[in-house]
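Below is the file entry04.cif, which contains mmCIF, C-alpha atoms.
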```
data_input
#
loop_
_atom_site.label_atom_id
_atom_site.label_comp_id
_atom_site.auth_asym_id
_atom_site.auth_seq_id
_atom_site.Cartn_x
_atom_site.Cartn_y
_atom_site.Cartn_z
CA MET F 210 -39.99 -105.19 -2.77
CA SER F 211 -42.67 -107.63 -1.61
CA ALA F 212 -44.28 -104.89 0.50
CA ASN F 213 -44.36 -102.57 -2.51
CA ARG F 214 -46.03 -105.27 -4.62
CA ASN F 215 -48.65 -105.79 -1.91
CA ILE F 216 -49.33 -102.05 -1.79
CA GLY F 217 -49.65 -101.96 -5.59
CA ARG F 218 -52.09 -104.89 -5.58
CA ARG F 219 -54.23 -103.32 -2.85
CA LEU F 220 -54.24 -100.04 -4.77
CA LEU F 221 -55.35 -101.66 -8.04
CA ARG F 222 -58.09 -103.63 -6.25
CA ASN F 223 -59.57 -100.35 -5.05
CA LYS F 224 -62.14 -99.48 -7.75
CA GLY F 225 -62.09 -95.76 -6.99
CA ALA F 226 -58.29 -95.57 -7.13
CA PHE F 227 -58.23 -97.66 -10.32
CA PHE F 228 -60.75 -95.30 -11.94
CA GLY F 229 -58.65 -92.34 -10.84
CA LEU F 230 -55.52 -93.89 -12.34
CA ILE F 231 -57.31 -94.42 -15.66
CA ILE F 232 -58.45 -90.78 -15.78
CA ILE F 233 -54.99 -89.50 -14.81
CA GLY F 234 -53.34 -91.76 -17.38
CA ALA F 235 -55.72 -90.55 -20.09
CA ALA F 236 -55.09 -86.91 -19.09
CA LEU F 237 -51.33 -87.49 -19.24
CA PHE F 238 -51.62 -89.05 -22.71
CA VAL F 239 -53.73 -86.11 -23.93
CA ALA F 240 -51.26 -83.61 -22.45
CA ILE F 241 -48.35 -85.21 -24.31
CA THR F 242 -50.10 -85.65 -27.67
CA ALA F 243 -52.41 -82.60 -27.51
CA TYR F 244 -51.15 -80.90 -30.68
CA PHE F 245 -51.33 -84.14 -32.66
CA ILE F 246 -54.90 -85.09 -31.72
CA ALA F 247 -56.49 -81.62 -31.41
CA PRO F 248 -58.59 -80.51 -34.42
CA ASP F 249 -56.80 -77.13 -34.19
CA PRO F 250 -53.04 -77.80 -33.88
CA SER F 251 -52.06 -74.11 -34.03
CA PRO F 252 -50.01 -72.74 -31.08
CA ASP F 253 -52.28 -72.51 -28.00
CA ALA F 254 -55.18 -73.70 -30.24
CA ASN F 255 -55.69 -70.02 -30.96
CA ARG F 256 -57.12 -70.03 -34.49
CA MET F 257 -59.63 -67.17 -34.32
CA ILE F 258 -62.54 -67.10 -36.79
CA VAL F 259 -64.78 -64.45 -35.26
CA GLU F 260 -67.60 -64.95 -37.79
CA ILE F 261 -68.44 -68.33 -36.22
CA GLY F 262 -68.06 -67.31 -32.57
CA GLY F 263 -70.31 -68.84 -29.89
CA ARG F 264 -71.55 -71.83 -31.90
CA LYS F 265 -73.19 -74.87 -30.33
CA PRO F 266 -71.67 -78.37 -30.20
CA GLY F 267 -71.80 -80.23 -33.52
CA PHE F 268 -71.66 -77.02 -35.58
CA ARG F 269 -70.43 -77.62 -39.16
CA GLN F 270 -68.95 -75.01 -41.45
CA GLN F 271 -67.29 -74.88 -44.86
CA PHE F 272 -64.04 -72.96 -45.21
CA LEU F 273 -62.10 -71.59 -48.13
CA LEU F 274 -58.39 -72.06 -47.38
CA LEU F 275 -56.07 -69.34 -48.66
CA GLU F 276 -52.33 -69.74 -48.34
CA LYS F 277 -50.58 -67.07 -46.29
CA SER F 278 -48.20 -64.76 -48.12
CA HIS F 279 -45.37 -65.69 -45.75
CA MET F 280 -45.48 -69.42 -45.19
CA PRO F 281 -44.24 -70.42 -41.72
CA ASP F 282 -41.36 -72.85 -41.47
CA ARG F 283 -42.45 -76.43 -41.13
CA PRO F 284 -41.94 -77.36 -37.46
CA SER F 285 -39.95 -80.39 -36.38
CA PHE F 286 -41.59 -83.25 -34.50
CA PHE F 287 -40.52 -81.89 -31.10
CA GLN F 288 -41.50 -78.30 -31.98
CA GLN F 289 -45.00 -79.46 -32.88
CA LEU F 290 -45.09 -81.67 -29.76
CA PHE F 291 -44.37 -78.75 -27.42
CA SER F 292 -45.79 -75.67 -29.17
CA GLY F 293 -48.01 -76.78 -32.04
CA LYS F 294 -47.95 -76.13 -35.77
CA PRO F 295 -48.49 -72.60 -37.15
CA ASP F 296 -51.37 -72.30 -39.59
CA GLU F 297 -50.35 -72.25 -43.26
CA TYR F 298 -53.75 -70.95 -44.41
CA TYR F 299 -56.36 -68.31 -43.70
CA TYR F 300 -59.72 -69.91 -42.94
CA ILE F 301 -62.56 -68.05 -44.70
CA PRO F 302 -66.04 -69.31 -43.67
CA ILE F 303 -68.35 -69.70 -46.67
CA ASN F 304 -71.93 -70.78 -47.30
CA SER F 305 -71.50 -71.97 -50.89
CA TYR F 306 -69.17 -71.75 -53.88
CA THR F 307 -69.39 -72.07 -57.65
CA ARG F 308 -66.90 -72.03 -60.50
CA GLN F 309 -67.30 -69.38 -63.18
CA GLY F 310 -64.62 -69.41 -65.84
CA ASP F 311 -61.25 -68.95 -64.20
CA SER F 312 -62.73 -67.68 -60.90
CA LEU F 313 -64.11 -69.25 -57.76
CA ILE F 314 -67.24 -67.42 -56.61
CA VAL F 315 -68.02 -67.88 -52.92
CA GLU F 316 -70.69 -66.61 -50.55
CA LYS F 317 -68.61 -65.62 -47.52
CA TYR F 318 -70.38 -66.23 -44.24
CA VAL F 319 -70.65 -63.01 -42.20
CA ASP F 320 -73.49 -63.73 -39.75
CA GLU F 321 -76.76 -65.59 -39.66
CA ASP F 322 -78.63 -64.79 -42.90
CA VAL F 323 -75.82 -62.40 -43.88
CA SER F 324 -73.25 -63.25 -46.55
CA GLU F 325 -70.86 -61.44 -48.86
CA ARG F 326 -70.14 -62.45 -52.47
CA GLN F 327 -66.42 -62.72 -53.23
CA ALA F 328 -64.38 -63.96 -56.19
CA TYR F 329 -60.99 -65.67 -56.13
CA PRO F 330 -58.87 -66.71 -59.14
CA LEU F 331 -58.50 -70.45 -59.49
CA SER F 332 -54.75 -69.98 -59.83
CA LEU F 333 -54.59 -69.42 -56.07
CA PRO F 334 -52.53 -72.06 -54.24
CA SER F 335 -54.79 -74.81 -53.01
CA ALA F 336 -54.76 -76.78 -49.77
CA ASN F 337 -55.02 -79.84 -52.02
CA ASN F 338 -53.09 -79.40 -55.24
CA SER F 339 -55.12 -82.13 -56.93
CA SER F 340 -58.29 -80.04 -56.66
CA PRO F 341 -58.97 -76.49 -57.91
CA TYR F 342 -61.29 -75.93 -54.95
CA PRO F 343 -59.40 -75.21 -51.68
CA ILE F 344 -62.51 -76.03 -49.63
CA ARG F 345 -62.70 -77.85 -46.31
CA THR F 346 -65.65 -78.73 -44.07
CA ARG F 347 -65.03 -78.81 -40.32
CA THR F 348 -67.20 -80.05 -37.48
CA PHE F 349 -66.79 -78.40 -34.08
CA LEU F 350 -67.75 -81.19 -31.69
CA LEU F 351 -67.96 -78.92 -28.63
CA GLY F 352 -68.71 -75.70 -30.49
CA THR F 353 -66.69 -72.49 -30.63
CA ASP F 354 -66.02 -69.74 -28.10
CA LYS F 355 -66.82 -66.07 -28.65
CA TYR F 356 -63.65 -65.65 -30.72
CA GLY F 357 -64.47 -68.58 -32.99
CA ARG F 358 -61.84 -70.89 -31.51
CA ASP F 359 -62.48 -74.62 -31.28
CA ILE F 360 -63.49 -75.47 -27.69
CA LEU F 361 -62.42 -79.12 -27.95
CA SER F 362 -58.90 -78.17 -29.09
CA ARG F 363 -58.44 -75.63 -26.29
CA LEU F 364 -59.80 -78.16 -23.79
CA LEU F 365 -57.24 -80.75 -24.92
CA VAL F 366 -54.32 -78.31 -24.88
CA GLY F 367 -55.48 -76.82 -21.57
CA VAL F 368 -54.95 -80.11 -19.72
CA ARG F 369 -51.22 -79.36 -19.95
CA VAL F 370 -51.62 -76.35 -17.67
CA SER F 371 -53.58 -78.28 -15.06
CA LEU F 372 -51.14 -81.19 -14.94
CA ALA F 373 -48.11 -78.89 -15.04
CA VAL F 374 -49.35 -76.72 -12.17
CA GLY F 375 -50.08 -79.83 -10.11
CA LEU F 376 -46.65 -81.33 -10.80
CA VAL F 377 -44.68 -78.14 -10.09
CA THR F 378 -46.76 -77.45 -6.99
CA VAL F 379 -46.17 -80.95 -5.61
CA LEU F 380 -42.42 -80.69 -6.26
CA ILE F 381 -42.17 -77.30 -4.52
CA SER F 382 -44.39 -78.29 -1.61
CA LEU F 383 -42.47 -81.55 -1.13
CA SER F 384 -39.08 -79.82 -1.24
CA VAL F 385 -40.00 -77.12 1.27
CA GLY F 386 -42.33 -79.19 3.45
CA ILE F 387 -40.08 -82.23 3.83
CA LEU F 388 -37.02 -80.12 4.64
CA LEU F 389 -38.69 -77.90 7.24
CA GLY F 390 -40.82 -80.68 8.73
CA ALA F 391 -37.84 -83.03 9.05
CA LEU F 392 -35.68 -80.35 10.70
CA ALA F 393 -38.45 -79.44 13.13
CA GLY F 394 -39.16 -83.04 14.13
CA TYR F 395 -35.56 -84.19 14.40
CA PHE F 396 -33.85 -81.28 16.17
CA ARG F 397 -36.89 -80.09 18.22
CA GLY F 398 -36.21 -77.26 20.67
CA ARG F 399 -35.70 -73.77 19.22
CA VAL F 400 -35.64 -75.05 15.62
CA ASP F 401 -39.03 -76.70 16.13
CA GLU F 402 -40.49 -73.56 17.70
CA ILE F 403 -39.36 -71.29 14.83
CA ILE F 404 -40.64 -73.63 12.13
CA LEU F 405 -43.95 -74.21 13.96
CA TRP F 406 -44.39 -70.46 14.26
CA LEU F 407 -43.88 -70.09 10.50
CA ILE F 408 -46.30 -72.96 9.82
CA ASN F 409 -48.97 -71.40 12.04
CA VAL F 410 -48.56 -68.00 10.37
CA ILE F 411 -48.94 -69.49 6.88
CA TRP F 412 -51.80 -71.69 8.10
CA SER F 413 -53.71 -68.70 9.46
CA ILE F 414 -53.77 -66.88 6.10
CA PRO F 415 -56.48 -67.99 3.63
CA THR F 416 -54.79 -69.90 0.81
CA LEU F 417 -56.33 -67.84 -1.99
CA LEU F 418 -55.33 -64.53 -0.38
CA LEU F 419 -51.78 -65.78 0.12
CA VAL F 420 -51.60 -66.92 -3.50
CA PHE F 421 -52.91 -63.49 -4.57
CA ALA F 422 -50.18 -61.75 -2.60
CA ILE F 423 -47.39 -63.94 -3.99
CA THR F 424 -48.77 -63.70 -7.54
CA LEU F 425 -48.96 -59.91 -7.38
CA MET F 426 -45.40 -59.82 -6.04
CA LEU F 427 -44.01 -62.16 -8.72
CA GLY F 428 -46.25 -60.84 -11.50
CA LYS F 429 -48.85 -62.50 -13.71
CA GLY F 430 -47.77 -65.39 -15.86
CA PHE F 431 -47.46 -69.11 -16.47
CA TRP F 432 -44.58 -69.95 -14.11
CA GLN F 433 -45.38 -67.31 -11.50
CA VAL F 434 -48.72 -68.90 -10.63
CA PHE F 435 -47.05 -72.31 -10.27
CA ILE F 436 -44.50 -70.98 -7.80
CA ALA F 437 -47.15 -69.02 -5.90
CA ILE F 438 -49.37 -72.08 -5.41
CA GLY F 439 -46.40 -74.30 -4.49
CA LEU F 440 -45.25 -71.89 -1.81
CA THR F 441 -48.65 -72.07 -0.07
CA LEU F 442 -49.28 -75.84 -0.05
CA TRP F 443 -46.10 -76.98 1.73
CA VAL F 444 -47.66 -76.52 5.17
CA ASN F 445 -49.59 -79.82 5.11
CA VAL F 446 -46.45 -81.69 4.10
CA ALA F 447 -44.37 -80.05 6.82
CA ARG F 448 -46.87 -80.83 9.60
CA ILE F 449 -47.18 -84.48 8.63
CA ILE F 450 -43.41 -84.97 8.23
CA ARG F 451 -42.77 -83.31 11.59
CA GLY F 452 -45.20 -85.63 13.38
CA GLN F 453 -43.83 -88.73 11.66
CA VAL F 454 -40.20 -87.80 12.40
CA LEU F 455 -41.03 -87.12 16.06
CA ALA F 456 -42.45 -90.65 16.32
CA VAL F 457 -39.62 -92.38 14.46
CA ARG F 458 -36.59 -90.55 15.90
CA GLU F 459 -36.78 -92.56 19.14
CA ARG F 460 -36.94 -95.97 17.42
CA GLU F 461 -34.21 -98.58 17.96
CA PHE F 462 -32.68 -98.34 14.48
CA VAL F 463 -32.16 -94.58 14.95
CA GLU F 464 -30.48 -95.17 18.32
CA ALA F 465 -28.28 -97.80 16.65
CA ALA F 466 -27.28 -95.32 13.92
CA ARG F 467 -26.33 -92.74 16.57
CA ALA F 468 -24.30 -95.37 18.43
CA LEU F 469 -22.39 -96.11 15.20
CA GLY F 470 -21.43 -92.44 15.02
CA TYR F 471 -23.45 -91.50 11.93
CA SER F 472 -23.97 -87.77 11.38
CA ASP F 473 -27.36 -86.13 11.91
CA PRO F 474 -27.94 -85.44 8.18
CA ARG F 475 -27.23 -89.10 7.33
CA ILE F 476 -29.53 -90.37 10.05
CA LEU F 477 -32.29 -87.95 9.03
CA PHE F 478 -32.21 -88.32 5.24
CA ARG F 479 -31.05 -91.94 4.85
CA HIS F 480 -32.66 -93.69 7.81
CA ILE F 481 -35.65 -91.67 9.06
CA LEU F 482 -37.21 -90.05 5.98
CA PRO F 483 -37.50 -93.28 3.91
CA ASN F 484 -39.59 -94.72 6.76
CA VAL F 485 -42.05 -91.82 7.01
CA MET F 486 -42.84 -91.14 3.32
CA GLY F 487 -45.98 -93.29 3.14
CA PRO F 488 -48.48 -90.62 4.30
CA ILE F 489 -46.77 -88.03 2.10
CA TRP F 490 -47.94 -89.74 -1.10
CA VAL F 491 -51.52 -89.29 0.07
CA VAL F 492 -50.87 -85.57 0.68
CA CYS F 493 -49.25 -85.29 -2.77
CA ALA F 494 -52.45 -86.48 -4.44
CA SER F 495 -54.48 -84.04 -2.34
CA ASN F 496 -52.11 -81.15 -3.14
CA PHE F 497 -52.26 -82.03 -6.83
CA ALA F 498 -56.05 -81.70 -6.79
CA SER F 499 -55.94 -78.50 -4.72
CA ALA F 500 -53.42 -76.93 -7.11
CA ILE F 501 -55.67 -77.61 -10.11
CA VAL F 502 -58.63 -75.92 -8.41
CA ILE F 503 -56.57 -72.94 -7.20
CA GLU F 504 -55.01 -72.40 -10.64
CA ALA F 505 -58.45 -72.50 -12.25
CA GLY F 506 -59.70 -69.95 -9.72
CA LEU F 507 -56.75 -67.63 -10.30
CA SER F 508 -57.13 -67.85 -14.07
CA PHE F 509 -60.86 -67.16 -13.73
CA LEU F 510 -60.06 -64.04 -11.71
CA GLY F 511 -57.47 -62.89 -14.26
CA VAL F 512 -54.28 -63.27 -12.21
CA GLY F 513 -53.32 -66.77 -13.37
CA VAL F 514 -52.41 -68.03 -16.83
CA GLN F 515 -52.74 -65.22 -19.36
CA PRO F 516 -54.41 -65.35 -22.79
CA PRO F 517 -54.10 -66.71 -25.40
CA GLN F 518 -52.66 -69.71 -23.53
CA PRO F 519 -55.56 -72.08 -22.86
CA SER F 520 -56.44 -72.75 -19.24
CA TRP F 521 -59.66 -74.36 -18.08
CA GLY F 522 -60.27 -71.59 -15.55
CA LEU F 523 -59.62 -68.95 -18.21
CA MET F 524 -62.02 -70.73 -20.59
CA ILE F 525 -64.76 -70.54 -17.94
CA LYS F 526 -64.07 -66.82 -17.48
CA GLU F 527 -64.26 -66.14 -21.22
CA ASN F 528 -67.51 -68.07 -21.70
CA TYR F 529 -69.43 -68.05 -18.41
CA ASN F 530 -71.92 -65.52 -19.83
CA PHE F 531 -73.14 -68.25 -22.17
CA ILE F 532 -74.37 -70.35 -19.21
CA ILE F 533 -77.61 -68.35 -19.00
CA THR F 534 -77.96 -67.93 -22.76
CA HIS F 535 -78.19 -70.33 -25.65
CA ASN F 536 -74.86 -72.21 -25.31
CA PRO F 537 -73.92 -73.24 -21.74
CA VAL F 538 -71.56 -76.00 -22.98
CA LEU F 539 -68.84 -73.39 -23.61
CA ALA F 540 -68.40 -72.89 -19.86
CA LEU F 541 -69.66 -76.25 -18.60
CA ALA F 542 -67.15 -78.31 -20.63
CA PRO F 543 -64.01 -76.94 -18.90
CA GLY F 544 -65.84 -77.00 -15.56
CA LEU F 545 -66.63 -80.71 -15.98
CA ALA F 546 -63.02 -81.34 -17.03
CA ILE F 547 -61.76 -79.70 -13.82
CA MET F 548 -64.23 -81.69 -11.73
CA LEU F 549 -63.26 -85.00 -13.35
CA LEU F 550 -59.50 -84.51 -12.96
CA VAL F 551 -59.79 -83.30 -9.35
CA LEU F 552 -62.07 -86.26 -8.55
CA ALA F 553 -59.49 -88.64 -10.07
CA PHE F 554 -56.68 -87.33 -7.85
CA ASN F 555 -58.88 -87.41 -4.75
CA LEU F 556 -59.90 -91.01 -5.47
CA LEU F 557 -56.25 -91.92 -5.99
CA GLY F 558 -55.37 -90.26 -2.68
CA ASN F 559 -58.08 -92.24 -0.87
CA GLY F 560 -56.83 -95.44 -2.49
CA LEU F 561 -53.25 -94.72 -1.45
CA ARG F 562 -54.40 -94.05 2.12
CA ASP F 563 -56.13 -97.44 2.28
CA ALA F 564 -53.28 -99.29 0.54
CA LEU F 565 -50.66 -97.84 2.89
CA ASP F 566 -52.69 -98.60 6.04
CA VAL F 567 -50.78 -101.46 7.65
CA ARG F 568 -53.74 -102.36 9.86
CA THR F 569 -55.65 -103.57 6.78
#
```
Encoded form (structure tokens):
Amino acid sequence: MSANRNIGRRLLRNKGAFFGLIIIGAALFVAITAYFIAPDPSPDANRMIVEIGGRKPGFRQQFLLLEKSHMPDRPSFFQQLFSGKPDEYYYIPINSYTRQGDSLIVEKYVDEDVSERQAYPLSLPSANNSSPYPIRTRTFLLGTDKYGRDILSRLLVGVRVSLAVGLVTVLISLSVGILLGALAGYFRGRVDEIILWLINVIWSIPTLLLVFAITLMLGKGFWQVFIAIGLTLWVNVARIIRGQVLAVREREFVEAARALGYSDPRILFRHILPNVMGPIWVVCASNFASAIVIEAGLSFLGVGVQPPQPSWGLMIKENYNFIITHNPVLALAPGLAIMLLVLAFNLLGNGLRDALDVRT
């Protein structure tokens, strides 16, 4: 326990690792509360208003809110937490409105310098029953994409995909890598040769090509890309575990366990593995960062997360044409988010490496 406290203190004294922990903690908070803090809490932040597509950050627009004919059921707290809240209204962009008798006359926004005059009876259900004017003004802090969806909302909801792919990838790579690496290092001989051959084969194939092959075999989708990435990043874990087990298996406490008649599985999983897990936490942080980048690349190429589910890589794909036009923020914002989260995990990995170094 004292050793763990010392490791924790060394980790927190590392400014880079501390910064990484803050960023990761903030990302985790956003991922959990995304649908409560996002300006667009609809499922997948997918409220399309094509008339206002491709707007710059800070864009403001008035909307006339019209109740839908079939009102969706009000979601429970947990339903909204996991999948958002369906829109109860249609959002009609308008330039201005006036009241004439029992009608609301609006100038519907169609395009720049183009509007359409429309009339609505004031008996229409209002977003605010205390006012006859169901009008709202919204500010899009990061602008809108080409479909008129709020970039900030999709950015906040999209952090879930990045953290989820990292977590699932780390779990899969740890499960496969620790098992195969431990077996290879402990039993050696023919078992070691077979597992090393498999490691070398996987190692020789470019990661992205291997992920492509697995993704095409499993199909496109949310969970398929997680499994595909996890099945390619276990090699680092296996190599490190194998080397650590080879070094530890000849130690005195292992010989004592054999002399007491303990079985091989008990010696391996209860006595050896707990003593070789230190370097694995560093690899976990590295794999987490690698998984985020690979998922973004797959989504950018169209074989990762599928629309309308928000993914930072998919957002770059949908908006990268705007980089050389009038609104580069649409593609730069998710790119900066990827860079910041990957940097945080790499800084945390470096901090863990220094904190776990017994020589310091």
Env of Met257 in chain F: 8 Å cut, atoms = only C-alpha atoms, seq-sep filter 3 positions within chain, self excluded. Answer as a short mmCIF file (atom, residue, chain, number, x, y, z; two decimals) with C-alpha atoms, keeping the file's coordinate frame.
```cif
data_model
loop_
_atom_site.label_atom_id
_atom_site.label_comp_id
_atom_site.auth_asym_id
_atom_site.auth_seq_id
_atom_site.Cartn_x
_atom_site.Cartn_y
_atom_site.Cartn_z
CA TYR F 356 -63.65 -65.65 -30.72
CA GLY F 357 -64.47 -68.58 -32.99
CA ARG F 358 -61.84 -70.89 -31.51
#
```
Selected residue of minimal separation from Arg347 in chain F among F:Val492, F:Leu290, F:Val259, F:Leu274, counting all atoms listed in the file
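Looking at the shortest contact to Arg347 in chain F, the residue is F:Leu274.
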For a test of reading the model, state the distance in Å between CA of Leu417 in chain F and CA of Gln453 in chain F, rounded to one decimal.
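Spanning CA of Leu417 in chain F to CA of Gln453 in chain F is a straight-line distance of 27.9 Å.
Residues near the point (-62.2, -84.3, -8.9), at a distance of 12 Å or less over all atoms listed in the file, make up Gly225, Phe228, Gly229, Ile232, Ile233, Ala494, Ser495, Phe497, Ala498, Ser499, Ala500, Ile501, Val502, Gly544, Leu545, Ala546, Ile547, Met548, Leu549, Leu550, Val551, Leu552, Ala553, Phe554, Asn555, Leu556, Leu557 and Gly558 of chain F.
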Compile the contact shell of Ile503 in chain F as a VMD selection string: residues with an atom at most 12 Å away, counting all atoms listed in the file, same-chain residues fewer than 4 positions apart removed.
chain F and resid 371 374 to 375 378 415 to 421 434 to 435 437 to 439 441 to 442 496 to 499 507 to 510 512 to 514 521 to 522 547 551
In Å, rounded to a single decimal, give me how far CA of Pro543 in chain F is from CA of Ile525 in chain F.
6.5 Å
Suppose a student applies the PyMOL selection byres ((chain F and resi 444-446) around 9) to this structure; what residues should they get, written as a ChimeraX atom specification?
/F:382-383,385-387,390,408-409,411-412,440-443,447-451,489,492-493,496
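Distance-wise, CA of Val463 in chain F and CA of Ile476 in chain F end up 7.0 Å apart.
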